[in-house]
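S.K.: Here it is, the structure, as structure tokens.
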Amino acid sequence: MGTAKHSFMDIFEADFPVGQESVKLQKIVIPIIQRDYAQGRKDPDVGRIRSRFLDALYRAVTDTPVTLDFVYGDIDVDGVMTPLDGQQRLTTLFLLHWYAAKKGGISAEDYAFLGNFSYETRYSARYFCGDLVGFTPSFSIPLSEEIVDQAWFPLDWQKDPTINSMLVMLDAIDAKFRNVGDLWEKLKAGAVTFYFLPIRDMGLTDELYIKMNSRGKPLTRFEHFKAELERSIRLLDEDTAGRIISKIDIEWTDLLWRYRESGQGNADEFITDDLFLRYFQFICDIICYGNDRSPQGKSTDEFELLQEYFAGDREQVMENVSMLESCFDCWCSIPGYPNPSVFLHSVMSHTHEDGKILVESSDRIDIFEDCLRSYADKSGRTRIFPLNRIVLLYAVVCYLRNTQQVTEAQFRRRLRIVNNLIRNSADEISDRSDRNRIPAILRQVDAIILTGKPDEKIENSFNVNQLAEEKAKEQYLAEHPEQAATLFKLEDHPNLYGQISVIGLDHLDHTDRFFSLFACSLDAIDCAMMSVGNYGQMGRMRWRHQFASSRMKSAWDALFHKSANYGFENTGAVLNGLLAKRENFSDETLREISDAFLAECEEQNTYPWRYYYVKYPVFRPGSYGKLSNDDIETKPYMYYVMQTKTAWSSNTYMPFLKEADPAHLSRELNGQRLVYPDVHIVCRNDAYLVRDNETEEVLEEIPIQQNEDGIDTEDRIIKLKEYIRKFPRMC
């Protein structure tokens, strides 16, 4: 077999060997066994293919010539070519050349060869092609309207899908090329070419057509994708293109086959296609991040991704092809494991297990399968795979691509480091347009997986506090390897998820005690901790404080994970102080600790604000754990309980007032007053003030006895309750 490159014009002037003879091509006939012309169909997928094909042709005549790859067919002794593959391209070229001839006023003699292109699929399509060549439009209205309006166009031709597609394509060609000057000359100069491969000695049977062109079954989106990928790579390297397509058809399909969902669609033939494309999108996103860019806002269409990453600069494209190949190959043969799922279940778990990292119970352990099924929504247009999962999957892929230099034992330890960093870098794992940290984070993952430690030269990657902690852990374990199991157990506690600084490496002996403590009531833990000391942290804006919560884990997370808040070290000191009191904890032992603190205060007649916090539940934030007070040291009794995360609301309240008389607490004034018919009461650090409702005049001051340190020496809540009971006007 021989191949030659032709344009649609010069192929009608070319000679082809047929047997021992040489014949000139006389005619191109689309045989009856072929399917209808499809590039003009109106469904979205075909519309995208049509648009992309016309874009390529437009670039060919306005910028750089293009070669459309292979057309296969047979030429008989009469010089009649019967295309076996390439019907769609040839038909579009026929329509484009007709348009160029008519738009450019070319003489009938020059475009006479167009009459030698014919359809045999239906008589109507055959006659339409002939009549079209003899028709010259005015171009004053859409081509399809003008053609349908002609006397030679019977109404029943509109039922022919090939003719309908041609009309749609002609309108699309007109919209795309109407402003292109000298279109005919550019086509004549070879702006658009293709390779023709004559097939001989095979016998053009119906069976061969069906086998190669699947009559009646349009090519799937994935088949178009695969063909375009092959063409893109083949332009750069024939061997690489052949290898990649072979792997897609065999090894990579075998890899994805176990993840198929049987029964999807009408057959199992294409059920791995979407899986492939989702993982392909993941790889393209990784390539994008590797170029210090973000895929946010970019097209997620696989054909656009092909154009973005697998066309153009040879060196870059070949690097991307290598990335694509290795990212698929690495899952096909994992040393020591029969398949990816078995491997991933050996390194990840929903509960603490030796040698495994902990992942959220809502996350699929087989993260590869998760990517295949969930990287994008059903339309493929929107990425729904979260960034933290992208980073974790990348870490696994990084190891699998480098099993020759990283042992499995090393990987397990290094993956734990990466997982700790991911779980404690929620704010940092971001690819917003104004703060894209993913490129640096992925480089940091490479460093950790390949070398065992973060690269300190990489800036703006994971959370700096967690990076510092991971470094300290590595140094500690180098000196105390026997403590690894205890450390990893502590890391996996659900209140810590990898960050153990609040307890510290010097207190790993408190690990079991910590687990015992957090098997108890959260409110009991809160009271016991406050009995030991003020464990709260001041927010970075210095007007609200973080405390615990009786029902929201997020409040405890905010306390136990180092942030921009002030007082983290003190929280750790108080926590360790509580852990030092018992080897095992229960609600009863915690109440004993709290009761002992309250009894000591009452015995000494000193009532610090912590006393009220422990004694009266109304003082303990039940939601986000926020208290508002810009000066808790000098005005410890002037704080407000916040029920929202960042701002005051109608649910905010002064706890001293609410405890004394909740029925008269004013929601309209954010719980700052007890309001009665004529007066209202407000709280000050050392007194209550009774004011007139209308004039705001202070009618009475109710002083609170305090010592020289400004600490109450009487229970101010009891005092206010007694005052309210004495006066009927307070009812």
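Residues are named by chain letter and number: chains run A, B, ... in the order of the structure tokens, numbers start at 1 in each chain, and ligands are numbered from 1 in the order shown.
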Residues near segment 705-707 of chain A, anyone? I mean within 12 Å using only C-alpha atoms, not counting same-chain ones fewer than 3 positions away, as a list in words.
M.R.: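 That gives Gln604, Asn605, Thr606, Tyr607, Pro608, Trp609, Tyr637, Asn685, Asp686, Ala687, Tyr688, Ile702, Gly710, Ile711, Asp712, Thr713, Glu714, Asp715, Arg716 and Lys719 of chain A.
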S.K.: Assign secondary structure with DSSP using the backbone only, and return the residues of segment 393-638 of chain A in strand (DSSP E) as a PyMOL selection string.
M.R.: chain A and resi 431-432+435-436+537-538+544-546+626-628
S.K.: In segment 74-260 of chain A, what's helix (DSSP H, G or I) per DSSP? Answer as a PyMOL selection string?
M.R.: chain A and resi 87-103+112-116+123-133+143-148+155-159+161-177+183-188+206-213+221-234+238-249+251-257
S.K.: Any idea what the distance is between atom CA of Val396 of chain A and atom CA of Arg435 of chain A?
M.R.: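 One can read the atom CA of Val396 of chain A to atom CA of Arg435 of chain A distance as 24.9 Å.
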S.K.: Would you mind reading off the distance between atom CA of Tyr399 of chain A and atom CA of Ser346 of chain A, one decimal, in Å?
M.R.: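 Those two atoms sit 14.4 Å apart.
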S.K.: For Ala580 of chain A, find every residue with an atom within 9 Å (counting only C-alpha atoms), except residues of its own chain fewer than 4 positions away, and show them as number ranges by chain.
M.R.: A: 510, 513, 575-576
S.K.: Need the shell around segment 88-102 of chain A: protein/DNA/RNA residues with any atom at most 8 Å away, counting only C-alpha atoms. Skip same-chain ones fewer than 5 positions apart. Format as an MDAnalysis selection string?
M.R.: chainID A and resid 8 37:39 107 111 114 117 133 136:137 166 169:170 173:174 183:184 187
S.K.: Please dump the current selection as a short mmCIF file (atom, residue, chain, number, x, y, z; two decimals), in the first residue's frame; keep N, CA and C atoms.
M.R.:
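Generated output (out.cif):
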```cif
data_model
loop_
_atom_site.label_atom_id
_atom_site.label_comp_id
_atom_site.auth_asym_id
_atom_site.auth_seq_id
_atom_site.Cartn_x
_atom_site.Cartn_y
_atom_site.Cartn_z
N PHE A 8 -8.47 18.44 -1.91
CA PHE A 8 -9.72 17.97 -2.52
C PHE A 8 -9.76 18.29 -4.00
N TYR A 37 -24.45 11.53 6.31
CA TYR A 37 -23.55 12.63 6.68
C TYR A 37 -24.01 13.19 8.04
N ALA A 38 -23.08 13.29 8.98
CA ALA A 38 -23.48 13.57 10.36
C ALA A 38 -22.96 14.89 10.91
N GLN A 39 -22.00 15.53 10.24
CA GLN A 39 -21.38 16.71 10.85
C GLN A 39 -22.31 17.93 10.90
N SER A 107 -15.18 30.31 -12.23
CA SER A 107 -15.79 29.80 -13.46
C SER A 107 -16.22 28.36 -13.29
N TYR A 111 -14.53 24.62 -11.29
CA TYR A 111 -15.08 23.81 -10.19
C TYR A 111 -15.90 22.63 -10.70
N LEU A 114 -16.39 19.24 -8.85
CA LEU A 114 -17.33 19.04 -7.76
C LEU A 114 -18.50 18.16 -8.18
N PHE A 117 -18.47 14.34 -7.21
CA PHE A 117 -18.65 13.88 -5.83
C PHE A 117 -20.12 13.52 -5.68
N VAL A 133 -24.34 21.69 -7.19
CA VAL A 133 -23.19 22.16 -7.97
C VAL A 133 -23.64 23.15 -9.04
N THR A 136 -26.24 28.67 -8.02
CA THR A 136 -25.45 29.79 -7.51
C THR A 136 -26.34 30.65 -6.63
N PRO A 137 -26.08 30.72 -5.33
CA PRO A 137 -26.93 31.48 -4.41
C PRO A 137 -26.64 32.98 -4.50
N MET A 166 -26.22 18.68 5.51
CA MET A 166 -25.49 19.52 4.57
C MET A 166 -25.97 20.97 4.64
N MET A 169 -24.54 22.54 7.70
CA MET A 169 -23.11 22.78 7.52
C MET A 169 -22.87 23.98 6.59
N LEU A 170 -23.66 24.11 5.57
CA LEU A 170 -23.49 25.25 4.67
C LEU A 170 -23.71 26.58 5.39
N ILE A 173 -20.65 27.11 7.48
CA ILE A 173 -19.50 27.52 6.65
C ILE A 173 -19.63 28.99 6.29
N ASP A 174 -20.82 29.40 5.93
CA ASP A 174 -21.03 30.81 5.56
C ASP A 174 -20.72 31.72 6.75
N LEU A 183 -10.65 32.79 -0.76
CA LEU A 183 -10.79 31.45 -0.17
C LEU A 183 -10.48 30.37 -1.19
N TRP A 184 -10.99 30.53 -2.40
CA TRP A 184 -10.74 29.52 -3.43
C TRP A 184 -9.25 29.38 -3.73
N LEU A 187 -7.49 27.49 -0.95
CA LEU A 187 -7.75 26.05 -1.02
C LEU A 187 -6.98 25.43 -2.19
#
```
S.K.: Find the spatial neighbours of Leu578 of chain A, counting only C-alpha atoms, within a cut-off of 8 Å - ignore same-chain residues fewer than 3 positions away - and output them as a PDB file with C-alpha atoms, in the first residue's frame.
M.R.:
```
ATOM      1  CA  ALA A 528     -13.141  20.735  84.021  1.00  0.00           C
ATOM      2  CA  MET A 529     -10.707  22.571  81.729  1.00  0.00           C
ATOM      3  CA  VAL A 532      -7.884  24.226  85.772  1.00  0.00           C
ATOM      4  CA  VAL A 574      -4.423  23.963  80.660  1.00  0.00           C
ATOM      5  CA  LEU A 575      -5.293  20.805  78.711  1.00  0.00           C
ATOM      6  CA  LYS A 581      -4.972  14.887  87.106  1.00  0.00           C
ATOM      7  CA  ARG A 582      -6.246  11.417  86.115  1.00  0.00           C
TER       8      ARG A 582
END
```
S.K.: Quote the spacing between atom CA of Asn291 of chain A and atom CA of Ala440 of chain A in Å to one decimal place.
M.R.: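 A separation of 10.6 Å between them.
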S.K.: Within 8 Å of segment 191-194 of chain A, counting only C-alpha atoms, which residues qualify if same-chain residues fewer than 5 places away don't, as a PyMOL selection string?
M.R.: chain A and resi 5-8+57+60-61+64-71+186
S.K.: Leaving out Leu590 of chain A and any residue of its chain fewer than 2 positions from it, which residues lie within 8 Å of it when counting only C-alpha atoms, given as a PyMOL selection string?
M.R.: chain A and resi 524-525+527-528+585-588+592-594
S.K.: Identify which of the residues A:Tyr289, A:Tyr613, A:Trp648, A:Phe153 lies closest to Ser531 of chain A, counting only C-alpha atoms when measuring atom-to-atom distances.
M.R.: A:Tyr613
S.K.: Using only C-alpha atoms, which of A:Asp631, A:Val77, A:Arg542, A:Ser51 sits nearest Glu21 of chain A?
M.R.: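 The answer is A:Val77, which sits nearest to Glu21 of chain A.
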